[in-house]
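Visitor: This is the content of target_30.txt (compact mmCIF, C-alpha atoms):
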# COMPACT_ATOMS: atom_id res chain seq x y z
CA MET A 1 16.42 18.34 -13.42
CA GLU A 2 15.74 15.24 -15.54
CA LYS A 3 18.69 13.42 -13.96
CA SER A 4 17.64 14.29 -10.40
CA LEU A 5 14.04 13.21 -11.06
CA ARG A 6 15.18 9.90 -12.50
CA ALA A 7 17.49 9.33 -9.53
CA ALA A 8 14.72 10.26 -7.08
CA ARG A 9 12.37 7.81 -8.78
CA LEU A 10 14.93 5.00 -8.50
CA ALA A 11 15.54 5.86 -4.84
CA THR A 12 11.80 5.76 -4.15
CA PHE A 13 11.63 2.38 -5.88
CA ALA A 14 14.35 1.23 -3.48
CA TYR A 15 12.37 2.29 -0.42
CA PHE A 16 9.20 0.55 -1.66
CA VAL A 17 11.17 -2.65 -2.27
CA LEU A 18 12.76 -2.29 1.16
CA ASN A 19 9.40 -1.84 2.87
CA GLY A 20 7.95 -4.91 1.17
CA PHE A 21 11.11 -6.86 1.94
CA LEU A 22 11.19 -5.98 5.65
CA LEU A 23 7.51 -6.80 6.12
CA GLY A 24 7.92 -10.00 4.13
CA MET A 25 10.88 -11.13 6.25
CA TRP A 26 8.70 -10.84 9.36
CA ILE A 27 5.84 -12.75 7.73
CA VAL A 28 8.16 -15.57 6.64
CA HIS A 29 9.43 -15.95 10.19
CA ILE A 30 6.06 -15.85 11.96
CA PRO A 31 5.96 -19.65 12.54
CA THR A 32 9.56 -19.66 13.82
CA VAL A 33 8.97 -16.77 16.21
CA GLU A 34 5.70 -18.30 17.38
CA GLU A 35 7.45 -21.57 18.22
CA HIS A 36 10.41 -19.84 19.88
CA THR A 37 8.22 -17.71 22.12
CA GLY A 38 5.88 -20.61 22.95
CA ILE A 39 2.67 -18.72 22.19
CA SER A 40 -0.54 -20.09 20.71
CA HIS A 41 -2.22 -19.05 17.47
CA ALA A 42 -4.82 -17.18 19.49
CA VAL A 43 -2.21 -15.16 21.39
CA LEU A 44 -0.36 -14.45 18.16
CA GLY A 45 -3.59 -13.10 16.66
CA TRP A 46 -3.97 -10.65 19.51
CA LEU A 47 -0.31 -9.61 19.32
CA LEU A 48 -0.63 -8.93 15.60
CA LEU A 49 -3.19 -6.29 16.50
CA LEU A 50 -0.34 -4.46 18.26
CA LEU A 51 1.60 -4.49 15.00
CA GLY A 52 -1.41 -2.96 13.25
CA GLY A 53 -1.91 -0.42 16.01
CA GLY A 54 1.73 0.59 15.85
CA ALA A 55 1.52 1.00 12.08
CA PHE A 56 -1.56 3.21 12.35
CA ALA A 57 0.11 5.37 15.02
CA GLY A 58 3.22 5.75 12.89
CA MET A 59 1.17 6.74 9.86
CA GLN A 60 -0.65 9.49 11.73
CA LEU A 61 2.53 10.87 13.29
CA VAL A 62 4.82 10.89 10.27
CA GLY A 63 2.46 12.57 7.77
CA PRO A 64 2.61 16.04 9.37
CA LEU A 65 6.34 15.57 10.02
CA ALA A 66 6.91 14.93 6.30
CA ASP A 67 5.02 18.15 5.51
CA ARG A 68 7.03 20.14 8.01
CA PHE A 69 10.55 18.80 7.49
CA GLY A 70 10.31 17.28 4.01
CA SER A 71 10.27 13.68 2.87
CA ARG A 72 13.99 13.80 2.16
CA LYS A 73 14.64 13.83 5.91
CA VAL A 74 11.73 11.71 7.09
CA VAL A 75 11.92 8.80 4.62
CA PRO A 76 15.48 7.66 5.49
CA LEU A 77 14.82 7.97 9.22
CA SER A 78 11.60 5.96 8.87
CA ALA A 79 13.39 3.31 6.82
CA ALA A 80 16.16 3.11 9.40
CA LEU A 81 13.65 2.73 12.24
CA CYS A 82 11.73 0.02 10.38
CA SER A 83 14.96 -1.82 9.52
CA ALA A 84 16.33 -1.72 13.05
CA ALA A 85 12.97 -2.77 14.53
CA LEU A 86 12.95 -5.91 12.36
CA LEU A 87 15.46 -7.47 14.74
CA LEU A 88 13.21 -7.09 17.80
CA PRO A 89 10.72 -9.94 17.09
CA GLY A 90 13.67 -12.28 16.56
CA LEU A 91 14.98 -11.44 20.05
CA ALA A 92 11.61 -11.85 21.79
CA ALA A 93 11.48 -14.65 24.36
CA ASP A 94 7.77 -14.66 25.23
CA ALA A 95 4.49 -12.89 24.59
CA TRP A 96 5.40 -10.01 26.90
CA THR A 97 8.49 -9.13 24.89
CA LEU A 98 7.01 -9.97 21.49
CA GLY A 99 4.11 -7.56 21.92
CA PRO A 100 6.23 -4.39 22.32
CA ALA A 101 8.57 -5.64 19.59
CA LEU A 102 5.70 -5.94 17.13
CA PHE A 103 4.33 -2.53 18.11
CA VAL A 104 7.71 -0.87 17.44
CA PHE A 105 8.14 -2.75 14.17
CA GLY A 106 4.61 -1.79 13.13
CA PHE A 107 5.30 1.82 14.08
CA GLY A 108 8.39 1.89 11.87
CA ASN A 109 6.51 0.22 9.04
CA GLY A 110 3.72 2.81 9.25
CA CYS A 111 6.21 5.68 9.24
CA LEU A 112 7.97 4.29 6.17
CA ASP A 113 4.71 3.55 4.37
CA VAL A 114 3.36 7.10 4.57
CA SER A 115 6.65 8.95 4.13
CA MET A 116 7.70 7.00 1.02
CA ASN A 117 4.22 7.43 -0.51
CA THR A 118 4.44 11.16 0.19
CA HIS A 119 7.77 11.34 -1.60
CA ALA A 120 6.36 9.24 -4.43
CA VAL A 121 3.68 11.92 -4.89
CA GLN A 122 6.41 14.55 -5.11
CA VAL A 123 8.26 12.55 -7.76
CA GLU A 124 5.03 11.99 -9.69
CA ARG A 125 4.35 15.73 -9.62
CA GLY A 126 7.77 16.31 -11.10
CA TYR A 127 7.15 13.81 -13.89
CA GLY A 128 3.75 15.29 -14.67
CA ARG A 129 2.25 11.86 -15.44
CA PRO A 130 1.00 8.87 -13.41
CA ILE A 131 3.81 6.74 -11.95
CA MET A 132 2.36 5.78 -8.55
CA SER A 133 1.21 2.24 -9.34
CA ALA A 134 4.70 1.07 -10.29
CA PHE A 135 5.93 2.03 -6.80
CA HIS A 136 3.29 -0.20 -5.24
CA ALA A 137 4.23 -3.03 -7.60
CA LEU A 138 7.81 -2.80 -6.32
CA PHE A 139 6.49 -3.20 -2.76
CA SER A 140 4.99 -6.55 -3.82
CA ILE A 141 8.24 -7.56 -5.49
CA GLY A 142 10.05 -6.81 -2.24
CA GLY A 143 7.77 -9.33 -0.53
CA VAL A 144 8.63 -11.95 -3.15
CA ILE A 145 12.35 -11.36 -2.57
CA ALA A 146 11.79 -11.76 1.17
CA ALA A 147 10.03 -15.09 0.63
CA LEU A 148 12.97 -16.38 -1.43
CA VAL A 149 15.61 -15.12 1.02
CA GLY A 150 13.65 -16.42 4.00
CA ALA A 151 13.25 -19.84 2.43
CA LEU A 152 17.01 -19.98 1.84
CA THR A 153 18.02 -18.95 5.34
CA LEU A 154 15.48 -21.27 6.96
CA SER A 155 16.78 -24.17 4.87
CA LEU A 156 20.29 -23.33 6.10
CA GLY A 157 19.08 -23.52 9.69
CA TRP A 158 19.58 -19.86 10.56
CA SER A 159 17.71 -18.69 13.64
CA ALA A 160 15.14 -15.91 13.40
CA ALA A 161 17.39 -13.58 15.40
CA THR A 162 20.33 -14.19 13.07
CA THR A 163 18.35 -13.74 9.87
CA LEU A 164 16.32 -10.75 10.99
CA GLY A 165 19.44 -9.13 12.45
CA ALA A 166 21.36 -9.55 9.20
CA MET A 167 18.44 -8.20 7.17
CA ALA A 168 18.11 -5.27 9.59
CA VAL A 169 21.72 -4.29 8.90
CA LEU A 170 21.14 -4.65 5.17
CA GLY A 171 18.08 -2.43 5.48
CA LEU A 172 20.02 0.25 7.34
CA VAL A 173 22.65 0.31 4.60
CA ALA A 174 20.02 0.50 1.85
CA ALA A 175 18.17 3.29 3.66
CA ALA A 176 21.34 5.36 3.92
CA LEU A 177 22.47 4.81 0.32
CA ALA A 178 19.10 5.64 -1.25
CA SER A 179 18.66 8.83 0.80
CA ARG A 180 21.14 10.82 -1.29
CA ALA A 181 18.86 10.87 -4.34
CA LEU A 182 15.65 12.02 -2.63
CA LEU A 183 14.15 15.35 -3.69
CA PRO A 184 14.23 18.38 -1.41
CA PRO A 185 10.71 19.79 -0.87
CA GLU A 186 11.16 22.91 -2.97
CA THR A 187 12.14 20.97 -6.12
CA ALA A 188 9.22 18.55 -6.09
CA PRO A 189 6.61 20.49 -8.13
CA SER A 190 7.03 20.34 -11.90
CA LYS A 191 7.02 23.47 -14.04
CA GLU A 192 3.65 22.46 -15.49
CA ALA A 193 2.09 22.03 -12.05
CA THR A 194 3.48 25.34 -10.83
CA ALA A 195 2.16 27.13 -13.90
CA THR A 196 -1.27 25.56 -13.41
CA ALA A 197 -1.31 26.60 -9.77
CA THR A 198 -0.43 30.17 -10.76
CA GLU A 199 -3.24 30.32 -13.31
CA THR A 200 -5.87 29.35 -10.73
CA GLY A 201 -5.21 32.54 -8.81
CA PRO A 202 -4.08 33.37 -5.28
CA GLY A 203 -5.55 31.33 -2.47
CA GLU A 204 -6.92 28.56 -4.71
CA ALA A 205 -3.93 26.31 -5.25
CA ALA A 206 -0.60 25.45 -3.70
CA THR A 207 2.09 28.08 -3.93
CA GLU A 208 5.58 27.30 -5.21
CA ASN A 209 6.97 26.51 -1.76
CA GLY A 210 4.20 24.00 -1.09
CA THR A 211 2.01 26.07 1.23
CA ALA A 212 -1.67 25.50 0.54
CA GLY A 213 -4.06 28.41 0.13
CA ALA A 214 -6.97 28.95 2.45
CA ALA A 215 -9.57 27.84 -0.06
CA ALA A 216 -7.79 24.57 -0.78
CA GLY A 217 -7.41 23.98 2.93
CA ARG A 218 -11.17 24.34 3.43
CA ARG A 219 -12.05 22.06 0.54
CA ALA A 220 -9.54 19.30 1.22
CA PRO A 221 -10.88 17.63 4.41
CA SER A 222 -14.24 16.35 3.16
CA ARG A 223 -12.76 15.12 -0.12
CA ILE A 224 -9.80 13.52 1.64
CA TRP A 225 -12.09 11.64 4.00
CA ILE A 226 -14.10 10.35 1.04
CA LEU A 227 -10.85 9.10 -0.49
CA ALA A 228 -9.96 7.55 2.87
CA ALA A 229 -13.33 5.80 3.04
CA LEU A 230 -12.77 4.40 -0.45
CA ALA A 231 -9.30 3.23 0.63
CA PHE A 232 -10.90 1.50 3.62
CA MET A 233 -13.36 -0.37 1.40
CA LEU A 234 -10.89 -1.33 -1.32
CA MET A 235 -8.11 -2.37 1.06
CA LEU A 236 -10.63 -4.40 3.08
CA SER A 237 -11.46 -6.13 -0.21
CA GLU A 238 -7.74 -6.75 -0.78
CA GLY A 239 -7.44 -8.10 2.75
CA VAL A 240 -10.27 -10.54 2.06
CA ALA A 241 -8.21 -12.04 -0.76
CA ASN A 242 -5.12 -12.21 1.45
CA ASP A 243 -6.92 -13.89 4.35
CA TRP A 244 -9.71 -15.94 2.82
CA SER A 245 -8.94 -16.87 -0.81
CA VAL A 246 -7.08 -20.07 0.11
CA LEU A 247 -9.73 -21.10 2.63
CA HIS A 248 -12.40 -20.44 0.01
CA LEU A 249 -10.96 -23.06 -2.34
CA LYS A 250 -10.21 -25.48 0.47
CA ASP A 251 -13.42 -25.29 2.49
CA VAL A 252 -16.03 -24.31 -0.12
CA LEU A 253 -14.74 -26.17 -3.19
CA ASP A 254 -12.92 -29.00 -1.32
CA ALA A 255 -9.63 -28.34 -3.10
CA PRO A 256 -6.43 -29.94 -1.73
CA GLU A 257 -4.24 -27.58 0.29
CA ALA A 258 -1.57 -27.43 -2.42
CA THR A 259 -4.19 -26.50 -5.02
CA ALA A 260 -5.92 -24.02 -2.72
CA ALA A 261 -2.66 -22.09 -2.34
CA PHE A 262 -2.93 -21.13 -6.01
CA ALA A 263 -5.89 -18.88 -5.17
CA TYR A 264 -3.72 -16.38 -3.33
CA GLY A 265 -0.90 -16.90 -5.81
CA ALA A 266 -3.18 -16.03 -8.72
CA PHE A 267 -4.49 -12.94 -6.94
CA ALA A 268 -1.05 -11.69 -5.85
CA THR A 269 0.49 -12.23 -9.27
CA ALA A 270 -2.38 -10.39 -10.96
CA MET A 271 -2.03 -7.51 -8.49
CA THR A 272 1.70 -7.15 -9.18
CA VAL A 273 1.40 -7.35 -12.97
CA GLY A 274 -1.59 -5.01 -12.94
CA ARG A 275 0.29 -2.38 -10.96
CA LEU A 276 3.23 -2.54 -13.35
CA LEU A 277 0.84 -1.75 -16.21
CA THR A 278 -1.56 0.69 -14.55
CA ASP A 279 0.53 3.85 -14.93
CA ARG A 280 0.45 3.63 -18.72
CA VAL A 281 -3.29 2.99 -18.62
CA ALA A 282 -3.87 5.93 -16.26
CA ALA A 283 -1.84 8.22 -18.53
CA ARG A 284 -4.19 7.34 -21.41
CA ILE A 285 -7.62 7.20 -19.79
CA GLY A 286 -7.14 9.03 -16.47
CA THR A 287 -7.15 7.96 -12.83
CA VAL A 288 -10.91 8.31 -12.50
CA ALA A 289 -11.41 5.72 -15.23
CA VAL A 290 -8.82 3.44 -13.65
CA VAL A 291 -10.73 3.39 -10.35
CA ARG A 292 -14.17 3.25 -11.99
CA TYR A 293 -13.47 0.41 -14.39
CA GLY A 294 -10.91 -1.30 -12.16
CA SER A 295 -13.30 -1.60 -9.23
CA ALA A 296 -16.05 -2.75 -11.60
CA VAL A 297 -13.78 -5.48 -12.97
CA ALA A 298 -12.83 -6.41 -9.40
CA ALA A 299 -16.51 -6.74 -8.45
CA ILE A 300 -17.12 -8.99 -11.45
CA GLY A 301 -14.06 -11.11 -10.71
CA LEU A 302 -14.95 -11.66 -7.06
CA THR A 303 -18.53 -12.49 -8.04
CA VAL A 304 -17.20 -15.13 -10.44
CA ALA A 305 -15.00 -16.59 -7.69
CA THR A 306 -17.87 -16.51 -5.19
CA LEU A 307 -20.32 -18.36 -7.42
CA ALA A 308 -17.80 -20.67 -9.14
CA PRO A 309 -18.84 -24.34 -8.96
CA ALA A 310 -15.32 -25.59 -9.68
CA VAL A 311 -11.71 -24.74 -8.80
CA PRO A 312 -10.53 -23.60 -12.28
CA LEU A 313 -13.30 -21.03 -12.59
CA ALA A 314 -12.65 -19.83 -9.04
CA LEU A 315 -8.98 -19.29 -9.89
CA VAL A 316 -10.04 -17.26 -12.92
CA GLY A 317 -12.27 -15.18 -10.66
CA TRP A 318 -9.51 -14.47 -8.13
CA THR A 319 -7.18 -13.51 -10.99
CA ILE A 320 -9.71 -11.06 -12.46
CA PHE A 321 -10.31 -9.69 -8.97
CA GLY A 322 -6.58 -8.97 -8.60
CA ILE A 323 -6.30 -7.35 -12.02
CA GLY A 324 -9.24 -5.04 -11.34
CA LEU A 325 -8.18 -4.09 -7.83
CA SER A 326 -4.48 -3.63 -8.63
CA GLY A 327 -4.51 -0.02 -9.79
CA CYS A 328 -7.20 1.45 -7.56
CA VAL A 329 -5.52 2.13 -4.22
CA PRO A 330 -2.38 3.80 -5.68
CA GLN A 331 -4.65 6.30 -7.44
CA LEU A 332 -6.28 7.17 -4.11
CA PHE A 333 -2.90 7.81 -2.50
CA SER A 334 -1.86 9.92 -5.48
CA ALA A 335 -5.07 11.96 -5.44
CA ALA A 336 -4.68 12.61 -1.70
CA GLY A 337 -1.10 13.78 -2.13
CA HIS A 338 -1.88 16.08 -5.05
CA ALA A 339 -5.00 17.60 -3.45
CA ASP A 340 -2.88 19.98 -1.37
CA PRO A 341 0.92 19.84 -1.86
CA GLY A 342 1.43 21.74 1.39
CA ALA A 343 -0.33 18.99 3.35
CA ALA A 344 0.54 16.00 1.18
CA GLY A 345 1.97 13.98 4.07
CA ALA A 346 -1.01 14.58 6.35
CA ASN A 347 -3.49 13.74 3.60
CA VAL A 348 -1.65 10.58 2.56
CA SER A 349 -1.51 9.52 6.22
CA ARG A 350 -5.29 9.88 6.52
CA VAL A 351 -5.98 7.83 3.39
CA ALA A 352 -3.29 5.24 4.11
CA GLY A 353 -4.25 4.97 7.79
CA LEU A 354 -7.93 4.33 7.17
CA GLY A 355 -7.06 1.99 4.31
CA TYR A 356 -4.74 0.03 6.57
CA LEU A 357 -7.52 -0.30 9.14
CA GLY A 358 -9.69 -1.67 6.36
CA MET A 359 -7.15 -4.35 5.55
CA LEU A 360 -6.96 -5.31 9.22
CA ALA A 361 -10.76 -5.30 9.46
CA GLY A 362 -11.14 -7.96 6.76
CA PRO A 363 -10.75 -10.97 9.07
CA ALA A 364 -12.77 -9.31 11.82
CA VAL A 365 -15.71 -8.60 9.48
CA ILE A 366 -15.79 -11.73 7.32
CA GLY A 367 -15.15 -14.16 10.19
CA PRO A 368 -18.33 -13.42 12.16
CA MET A 369 -20.36 -13.34 8.94
CA THR A 370 -19.45 -17.00 8.34
CA HIS A 371 -21.56 -17.90 11.40
CA LEU A 372 -24.60 -16.61 9.52
CA MET A 373 -23.84 -17.69 5.94
CA PRO A 374 -21.35 -19.71 3.88
CA LEU A 375 -17.91 -18.17 3.43
CA ASN A 376 -18.35 -17.50 -0.27
CA LEU A 377 -21.60 -15.57 0.26
CA ALA A 378 -19.82 -13.32 2.76
CA PHE A 379 -17.67 -12.18 -0.16
CA PHE A 380 -20.60 -10.16 -1.47
CA LEU A 381 -19.68 -7.49 1.11
CA PRO A 382 -16.39 -6.63 -0.67
CA VAL A 383 -18.25 -6.98 -3.99
CA ALA A 384 -20.59 -4.22 -2.75
CA PHE A 385 -17.61 -2.12 -1.62
CA CYS A 386 -16.07 -2.40 -5.10
CA ALA A 387 -19.39 -1.32 -6.61
CA VAL A 388 -19.46 1.75 -4.33
CA ALA A 389 -15.91 2.63 -5.45
CA CYS A 390 -17.00 2.32 -9.07
CA PHE A 391 -19.77 4.90 -8.68
CA THR A 392 -17.75 7.18 -6.38
CA ALA A 393 -14.63 7.31 -8.58
CA PRO A 394 -15.29 10.90 -9.85
CA VAL A 395 -14.23 12.19 -6.41
CA LEU A 396 -10.65 11.74 -7.63
CA ARG A 397 -11.21 14.53 -10.14
CA THR A 398 -12.99 16.94 -7.77
CA GLY A 399 -10.78 19.87 -6.83
CA GLN A 400 -7.83 18.67 -8.92
CA PRO A 401 -6.15 21.17 -11.24
CA GLU A 402 -6.47 20.26 -14.89
CA GLY A 403 -2.73 19.62 -15.16
CA ALA A 404 -2.56 17.16 -12.26
CA PRO A 405 -1.01 13.82 -13.29
CA GLY A 406 -3.59 11.44 -14.66
CA VAL A 407 -6.73 13.50 -13.98
CA GLY A 408 -7.79 12.90 -17.54
CA PRO A 409 -6.21 11.69 -20.73
CA ALA A 410 -2.74 13.12 -20.44
CA PRO A 411 -1.07 15.17 -23.13
CA ALA A 412 2.38 14.22 -24.27
CA ARG A 413 4.96 15.38 -21.73
CA GLN A 414 8.71 15.39 -21.62
CA GLN A 415 10.02 12.13 -20.22
CA ALA A 416 12.35 12.46 -17.26
Please lay out the structure from this file as structure tokens.
Guide:
Amino acid sequence: MEKSLRAARLATFAYFVLNGFLLGMWIVHIPTVEEHTGISHAVLGWLLLLLGGGAFAGMQLVGPLADRFGSRKVVPLSAALCSAALLLPGLAADAWTLGPALFVFGFGNGCLDVSMNTHAVQVERGYGRPIMSAFHALFSIGGVIAALVGALTLSLGWSAATTLGAMAVLGLVAAALASRALLPPETAPSKEATATATETGPGEAATENGTAGAAAGRRAPSRIWILAALAFMLMLSEGVANDWSVLHLKDVLDAPEATAAFAYGAFATAMTVGRLLTDRVAARIGTVAVVRYGSAVAAIGLTVATLAPAVPLALVGWTIFGIGLSGCVPQLFSAAGHADPGAAGANVSRVAGLGYLGMLAGPAVIGPMTHLMPLNLAFFLPVAFCAVACFTAPVLRTGQPEGAPGVGPAPARQQA
């Protein structure tokens, strides 16, 4: 059991890296594809909405499929679809072919996102302790690898079709190799979780085969939608850093472009490092505390960046913002998956889907606000969202069995 859990964890790491890598390879080649297809920035912006729409559709479809057929079957197929679809934008000749290509790629990305998070919940349940944040850190590392590989291939003069095609083949191979170590549905729950479920009595917790009881099914929706709303707010806040941190330093503080780039770099680095450390913190103080104090730190950090009179202090603020925000969203995904093991995929798809819409909504919300106020003052909206998450964090504990990973300070458990 220990060996299979360890192998499943490594395989899940591989899929998170792959997802970040595939998405990063597309991002690196956006300028090349834009030039090849002859479209404007404005047209590209509209076409990117198709990518987001495809991702949302994939998330909603694959969650119930993962519950019905098991993540072991759905994750490799989703990874294969996402990998193969990476080639399509490289083959696009104009806006009419790029649009469907981005929708299909987004669809595959959404399927992989939800299915691999659902399997990550299963692995975490087997470990009996928080391990979700490390998976999300590996997604970020996959993006870094994509940036390095993309820079190399672009310097060698490879076309987008050649590079994306080669990476698509590599992704297909990785998806097939990692699939062998994934857990079958019936082996996902740990002995501790099963024992806890038995103690709660019939109809109040998940049974051993993963079928939720009637009471849990009635309680889950309202709580899951609260988690989804929190994911929307926190991922919108993350999207603000992705889309506006560089412009903040450049336009508000008059920093040179090269210096302004450090704003996103500081935030992204802090997010990655924070996620690598969060699991240990969650095991000690609990997931509720991680979200409560993490979102509070994020609110303070973004406030510092917003009010900073100089570039160095603004960089400190963006760094603190990334550290605070880093561990919050993985805890929401984990809580959604553990709320009802029989509907883990559907619940993760709801939280991930609404969260993804929040990330896409960042530019749409902040942009119009800049017509009414300076850009930095518009950042007080995500500051308020982080404050809401701070005070709403106890929802992660509501309805969770006492033995759920990271609900509170965790007792010592056997390491897998």
Visitor: Determine the nearest neighbour of Ser222 in chain A from the options A:Ala336, A:Ala314, A:Met373, A:Ile300, counting only C-alpha atoms.
Guide: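 Smallest distance to Ser222 in chain A is found for A:Ala336.
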Visitor: From the set A:Ala168, A:Ala389, A:Ile131, A:Ala228, which residue has the shortest atom-to-atom contact distance to Cys82 in chain A, counting all atoms listed in the file?
Guide: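 Result for the nearest residue to Cys82 in chain A: A:Ala168.
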Visitor: Leaving out range 29-45 of chain A and any residue of its chain fewer than 2 positions from it, which residues lie within 9 Å of it when counting all atoms listed in the file, given as a ChimeraX atom specification?
Guide: /A:24-27,47-49,89-95,98,150,154,159-160,164
Visitor: Calculated over all atoms listed in the file, which of the candidates A:Ala335, A:Met59, A:Leu375, A:Cys328 has the smallest distance to Leu249 in chain A?
Guide: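 For Leu249 in chain A, the nearest of the given residues is A:Leu375.
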Visitor: When you draw a straight line from CA of Ala7 in chain A to CA of Ser71 in chain A, how long is it in Å?
Guide: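 A separation of 15.0 Å between them.
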Visitor: Which residue, A:Val17, A:Ala120, A:Leu315, A:Val62, has the smallest gap to Leu138 in chain A when you use only C-alpha atoms?
Guide: A:Val17
Visitor: By how many Å are CA of Ser115 in chain A and CA of Tyr264 in chain A apart?
Guide: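 About the pair CA of Ser115 in chain A and CA of Tyr264 in chain A: they are 28.4 Å apart.
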Visitor: Nearest to Asp279 in chain A among A:Val104, A:Ala137, A:Ala166, A:Ala361, with distances taken over only C-alpha atoms: which residue is it?
Guide: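 Result for the nearest residue to Asp279 in chain A: A:Ala137.
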Visitor: Could you state the separation of CA of Ala134 in chain A and CA of Gly342 in chain A in Å, given to one decimal place?
Guide: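 CA of Gly342 in chain A lies 24.0 Å from CA of Ala134 in chain A.
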Visitor: Of the residues A:Asp340, A:Asn19, A:Ala55, A:Val281, which is the one nearest to Met116 in chain A, using only C-alpha atoms?
Guide: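 Checking each of A:Asp340, A:Asn19, A:Ala55, A:Val281 against Met116 in chain A, counting only C-alpha atoms, the winner is A:Asn19.
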Visitor: Fewer than 2 positions away in the same chain doesn't count, so skip those; otherwise give me all residues within 12 Å of range 288-291 of chain A, counting only C-alpha atoms, as a ChimeraX atom specification.
Guide: /A:130,133,227,230-231,234,274-275,277-286,293-299,323-335,386-398,400,405-409
Visitor: Residues near Leu182 in chain A, anyone? I mean within 8 Å using all atoms listed in the file, not counting same-chain ones fewer than 4 positions away, as a list in words.
Guide: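 The residues satisfying every condition are Ala7, Ala8, Ala11, Thr12, Ser71, Arg72, His119 and Ala178 of chain A.
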